[in-house]
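Worksheet: one structure, shown below.
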Amino acid sequence: MDVEDRESPLDVASDRCGLLGVQLSTHEGSEEDDPNQETLKDEEPPLSPDLEWLEELYEEDNGDGDLAVVADSGKRRSYAETARMFKLRRNLDQLDCFHRQKEHDVIKAREELKLCRQNIESLVGQRDNLEKEIERQKAADNSVAVFRLRVQHKHLCQKLQSEEELEGHINTDLKQQELELSEVEVELGKFSSLREEVQEEERVFQVLKAQKAATRLQQERKASQNLQLKIQHLRDKQATMLKKEEAECQKKIEEGQASRKIAAKYLKETIKRMHQQEAEKEQKNRELLEKRIQAVKSLKSNIAATQESLRVQQSRAKENAKKKEQQQRQLRESLQAQGINSIKHIYQQKQLEEIKRKQEEFEERQKSKRVEIVSKILQEEQLVKSRQRHQALLLKPSATDKFTSLRRVREKLLYYLVPSPPSATEARATIQLREFSDISSSSSSSSDVEDLEETMHQEVDHQSLAESLAEPEFSGLWDQNYKKLLNENTTLVPTEVKTEEPAMASGKLNIPPVKKVHGKELKGPPFISKPEDILFKDFEVGKMYKKKVILTNVSYITNHCKLLGISAHLKDFISIIFEPPGSLSTGMSCDMQAVFQSMLNEDLEGEVQFASAVGSFSVPIRCTIKKCDLEVDSQIVDFGSHVVGQTISRTLTLTNKGALATLFSLDTSTCLTPETSRVPLPSQVSANTCQETSSQNTTSDNQRSSVSKGTGELQPKQESQELSETLQEEQPVSEASATGPEAIPENCVSTNVDAQMDQSQSDSCDISLGNDRDGKIGPFESIKLEVVFTPSIPGESKLDFHIKFSDLTSKPIRIQVRGVAVSFPICVVQPSIDLKICMFDRLYQESIIVQSRASTALKLTFEVCPEMRKHMEILPKTGFIQAQSTLNAQLKFLPRCSLSKDAKRFFDIDTGVLEVPVTVQVASQVKPVHFTVHAVVTSSDLQFDRTDVDFGYCSIYQSVKSSVRLTNLSLLPQDFGFLGVPEFIEVQPNDGFGTLLPQETLEIDLIFSANKAKEYIFQLSCKSGINRDFLLSCRAVGVRPPLELSHSLVQFGATAVGDRSTAILYLINRQTNPKIKQPIPPVVKDTMAPVAPRLFSFTPPKNTDISITPSAGSLLPGQRCMVQVTFRPRLLDQEIKEEVLRLLHRARLLCEKDLERNRYAEHENKKVFPVGTTKGKKASVSPKISKVPDGPKTDQLSESPNPADIQPGSQQYEEARVSLLYSFTQRHSEYTVPCFVSDGAPPEEDQQPTWSPFNTLYLKLQCPVVQPPLVVISNNGLNIIDFHQVAVGEKVIKRFVVQNISKESLDLRSSVLDIHGPFSLLNALRCIRPGEKHTLALAFSPSLGKKYCETLEVHSQKMTLEMTLCGEGVVTAVTSSHPGGLLDFGYVLEKESTSQVLKLQNRSAVAVGFRVLLASLSPSEPQGGADKVAVLLASYINSQVQPTVGTQNYSGLSVFSVVPIEGSIAPGQSQDITVTFQPDHPSVNYSDILTIELTNKSKVCMMDLKGAASSNNMYLYGGDLLTVPVESLLPPLITSQPQLTESEVIEKPIMPVLVTLRARCSTGAITPAVRELQVGCIHSTQPSKKSVEFHWDNVGSLQQQGFSVEPSKGTVEAGHKRTITVTWTPQSGYKPYEVVQTCVTLTLKGDETNVYRVTLMALVSTTAD
């Protein structure tokens, strides 16, 4: 049985027991199945973190086998077996822990079950006792106690039921846990043998570990002994050295003393010699000073000479620059005359010069870099030698031979850097180095050079790894078996790749897809590589290349990196050397090396795949072969125009940017055939020989041609591509198709006959090719090809040729050559001179350049037609042009207004176009040279739309604006400006300055502000940019109105919607002198304006947000009136209604889209479920579709409401208003408000005042409106909070919510409300951020019955939100049916009740809340406190006096109860209040106070409640108080008494009653004393005797002492009472101050018989009560 079969039962058991990750395996049969054991080792997962120390322990093992456990068979145990032992121990411990946990759970469940059963037993006992008590109370007829006990019994039964359910649940859990415990014990029994085996292995491991510790201790002791010996030896050595130093020191002291004596001897001689030297030095200084003076003089002369030479050089440089500029101009003119783009030609020449300069700089940089590299190598060599010298004592003798690899690398670099020829043995290394240097020089980045050096170092290290490792300073830091471990690691990588291949192929990698770490989302791979792509560029077959890659952890967690493998098609060519680094923190990196050796000459692409804790990632690999990348700097060669007989040459640069050499040839045939599209390859040259001799051909090509490396990158490709595209479009279709890519075949063969034909064709044309028509271009080389133009016949010459290549992947390059041959030696560089647009009477100049290609000087004469001689002139008229030179002439053009008359032939009046031919006569040349002068002549006039401007009558306090239109009649832009503008007029825009475009008309505003009351006549001057003046006449009359505004312009700040801005200005009547004349119209100019009150009236625009207060009034002379202008922006009603329509339209569109989407979904469902499906499917689909359309809703949305039907305050209206506020944009509006002023005195009441337009004042208002930052979102957005009617004294709270809809935080603060008013703000304001809301709580508590209104302002930084608070206080009027005072319930049988009803009537207009308070239930009332103390201490004569709260029930329930306790009475309604008296024991001291109070704390009435209870249906009331009226709430103590006999039961104690009688004696007469006793019969529902009988005993004895009782006996019916009157009249023998006392018995018979012993006490009192 293999290992996997043995592990399966335990896995099932562990899963059944709830263990996660606990796996065990036995060791039996491990020796039998060796292949299975090896498979287990290969597939063994890595160790957990808690067993990593074991791996470190094995790494520290020196091979002695101390930790290897020896089995019985004598074989050595492996590391995996030892690790298995620890894993088994860990798993067994986990299983034991799980078993203990299960035992603990079982014990705990048993205890819980036991406790639950005990609770059940106790609850059952309590239930039985409670049932007995219930039966007993039933027998005692105690209904209250029975009810209370039944409630307890019900509660106890519920608890008992819940405990029984809990017992069943615990019992079930206990059985389940006991089952699991038994299963775990069974599992433990299965692995008992395995446990014994593990214990034995642990014992052996402990023994070996102790042996290991002992050996280590012994080694440490030996090491410490050796160290002590070394220290002792060092101490001895130091002592001997110290003795030697002391001896040497003594010897030096003696020598020093001797040397001092000798020094003193020679000191005097030295001083003399110093004096002589100082004298000589002074003499030398003097001579040196004279020489410096002479040098300064010579320097001055040299400076003067140098300055002169610099002047000469500067003048020469200026002349050379002028000549060069003249040559460039001539060249440009000649090229333009020939139709060649001169700018492009000059640009190409500059580019060539720039390329040459950069090439030279590049070569200089290469030389300097070579020198720097050599210097660095020498410095490194010196550093290595110095280290060898310093570490000679520490290093072993063999360490000096371990720098051979570095020396080899240095020698290779020196061979490459030093230009000396290599030897025959080093030829191949030199070729390789040069190839790598060519690659590094072609790229601009320095990373490739570093990769090259790294690759070479890695090659050397790979060849001699053991020799390149330096010996460490301490032997413990480096492992002696490093080479063996490295070989093991390198061999482990392929095995890891092979084992991971099946997992990669199946795509089932167990990599957790972690995308978020610490709340951050990981984007991209967890590791990044440097470089990003592993690129092996331009490789050769058979060679080995190495590349180092650095992997950096960029995830947010500690990660690891595991190599999975590489692409399948790259396994034969690429190997990866990678050592897993373990866990890497963020930002840490590890190294990887890729080794590439290809046997196929083809491109390869793939990737290296890795796994990490976050996810998998890969690094791309690309391997490219050597290729050709050919291009030329220009595909078009244009020679321009040249004279017949000249020879001109141009150079083309052919650049190979690839690493593969190829043959090229020039083919002049116009059409490429399959035989001529490729370069013929020599038959005797094979591919192998070409590769071997590539370096030699490269060097020979470099010596033969001028090579410029990297110049192809500097030349832009776009220019050549654009030119080639334009030329290809101009060529015929046949030619383009012949040269296209479709016409290029793959296999081509050429012969020498074709080359001879091409050569003959090229030689027959004026354009020929140079000598280099074929050859070889090496990698990264540039070759210059020469094209020669020798014009022989006037006309245009063309030559098209192709550059063909032997490389099959390179397409032929087409070159087009053009040139023009001319026969005349004299030509004008610019045959058509365009003067652009010119103005009349303005001078324009232009240069005429004439170029000569003749070999002799010639005479030139410029001739202008006679019609243009008044307008055009050329200077000089006659001149001589030298051979091969140019002549500059000056053209002067001054068009006059008579041009249209003088030169009708050449000038078009309608368009203004002028075209003048000019002739250049050349001596000894019959045919003259012609050129043309073009120009467009236009006018320079500016024109006003009117010549006079009349401003009319203007107030001195106002401004009048008049607009004129200024038009530019010219075809050129013209600047203009109004100069010398008077101070009382303003020109806008831009203060009267600007530029007019051709034919543009600009509206100019003239603003006139009169400063005096007079007539104004003036002119405005507009001057153009060419100093021409255009005049505009203006006139106005200034008048003075009788009234004046302090400000005529009001600029409000940015006001939010809902806010307001206020401006204050004054209207002044300054007429105080009656002699002032009113300068109004000239008709009434001399009349006297009477000084009288003036009426004024402001007329603001309608439907605006402007309000003016006061809007009209009267002003006396010398008075002023304050005018307040308020701007309160709001949303117009029409805007809100339009927004309602827009929102409805948008909702309708959305509904239509939803319907369309539903129809589409229904259509798709019909497609998915065709008609032939089952009924069940139809039923499942149709309900969903039937619920989507909503007929009434769509009909309602389809009908747009009429704007007139939208009512303010409706939901749609408020939603539209809020939408406009949220989307409000800034707007600006201006208003002009006229103020009309009357003429003269105000008219009578029945007449209308006369208003003069000359007296009218104007007030300009600028009103910007912005979005409100704060809006009200509650109360439908209304700013009015109405509390309506509230009872006086009550408080009503309302809330409204504001929201910040701006983008800034708002700090809110409010205005101060009236502290004595009814309104108050309950909460504080705070700063709210954008989008936040804040709730304001307002309270209204009126104190008087009237209406209130107040304004609350909520201030912020940008606006003030006004809230209007209003409410009405109403005085409550509530009456009670009982006026208050005593409410006596009389006597009631105990445990019975009686009730009385009170009625409350609400006569006010608002609902009133009330509540009923009992003093016994009020926590503020003293119960058994101060009032009862007063009762106990005072002597009450009157028995009616009782405390506020009397006796209470024993049961704790209140004696008096009220229903309802609180409520609300609607206006005009009434409410019944029922008061119930229900005692539970006999007492006459029941009392309480009932108070009816409204919500505003006002009291309706207050009543004293009183009652008494008796145990039977009869009572006696009256007499004096014998005890305190305070009783204990505790019931009387019930004691067990013995069984009484019938006679004892009948006898009851006699109850005492005291009646005190006081007779008054006044003026000698005695008034008898009278007291009353009442006998009553209680009406009861219980079956009892209906009446009560009473009688007095021994009434005769009472009469003897003056007492009389009436009646002496009687009967009282149920529910009634009778009064017994006791009278005492003193007898004749009565002595003053004598107390008469007697006792009498009163018997009452009803249900029971009560006997009262009434004590009568009588006396005479002389004081009045």
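Residue names in the structure tokens use chain letters A, B, ... in the order shown, residue numbers from 1 in each chain, and ligand numbers from 1 in the order shown.
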Taking the DSSP assignment computed from this structure's backbone, write out as a ChimeraX atom specification all residues of range 871-1114 of chain A that belong to alpha helix (DSSP H). /A:899-902
Would you pick out the contacts of Glu1000 in chain A at 10 Å or less, using only C-alpha atoms, so that residues sharing its chain but fewer than 5 positions from it are not included, and give the list as a ChimeraX atom specification? /A:966-971,973,995
The selected residues should be written to file as a compact mmCIF listing (two decimals), in the first residue's frame (atoms: N, CA, C and O atoms).
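The resulting file, selection31.txt, is shown below:
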# COMPACT_ATOMS: atom_id res chain seq x y z
N LEU A 966 -17.68 104.16 -38.45
CA LEU A 966 -16.42 104.47 -39.14
C LEU A 966 -16.06 103.28 -40.01
O LEU A 966 -15.97 102.15 -39.52
N THR A 967 -15.84 103.57 -41.34
CA THR A 967 -15.60 102.50 -42.30
C THR A 967 -14.21 102.68 -42.90
O THR A 967 -13.80 103.81 -43.25
N ASN A 968 -13.46 101.56 -43.02
CA ASN A 968 -12.15 101.53 -43.68
C ASN A 968 -12.36 101.16 -45.13
O ASN A 968 -12.74 100.03 -45.45
N LEU A 969 -12.08 102.11 -46.05
CA LEU A 969 -12.27 101.87 -47.49
C LEU A 969 -11.06 101.23 -48.12
O LEU A 969 -11.07 100.96 -49.33
N SER A 970 -9.99 100.99 -47.35
CA SER A 970 -8.77 100.43 -47.89
C SER A 970 -8.82 98.91 -47.84
O SER A 970 -9.65 98.30 -47.15
N LEU A 971 -7.89 98.31 -48.62
CA LEU A 971 -7.73 96.86 -48.59
C LEU A 971 -6.71 96.41 -47.56
O LEU A 971 -6.40 95.22 -47.47
N PRO A 973 -5.36 96.80 -43.31
CA PRO A 973 -5.78 97.25 -41.98
C PRO A 973 -5.17 98.62 -41.69
O PRO A 973 -4.04 98.92 -42.08
N THR A 995 -7.92 99.37 -34.48
CA THR A 995 -7.48 98.98 -35.83
C THR A 995 -8.69 98.50 -36.59
O THR A 995 -9.49 97.70 -36.08
Nearest residue to Pro1093 in chain A from the set A:Arg127, A:Lys251, A:Arg1120, A:Arg292 (distances using only C-alpha atoms): A:Arg1120
Within 9 Å of Asn1300 in chain A, counting only C-alpha atoms, which residues qualify if same-chain residues fewer than 4 places away don't, as a list in words?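 Counting only C-alpha atoms, the residues come to Pro1268, Pro1269, Leu1270, Val1271, Glu1304, Ser1305, Leu1306, Ile1328, Arg1329, Pro1330, Gly1331, Glu1332, Lys1333 and His1334 of chain A.
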May I have the residues within 6 Å of Ser1511 in chain A as a list in words, using only C-alpha atoms and disregarding those fewer than 6 positions away in the same chain? Leu1389, Glu1390 and Pro1482 of chain A
What does the structure give for the distance between CA of Gln1471 in chain A and CA of Gln1401 in chain A, in Å to one decimal?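 Here the two named atoms are 6.6 Å from each other.
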Per DSSP on the backbone, filter range 1216-1298 of chain A down to the residues in strand (DSSP E) and report them as a ChimeraX atom specification. /A:1227-1237,1257-1266,1270-1272,1280-1287,1292-1298
Please provide as a ChimeraX atom specification all residues within 9 Å of range 521-538 of chain A, with the sequence filter that same-chain residues fewer than 3 positions apart are discarded (counting only C-alpha atoms). /A:439,514-518,545-556,559,561,589,594,596,607,612-627,658-660
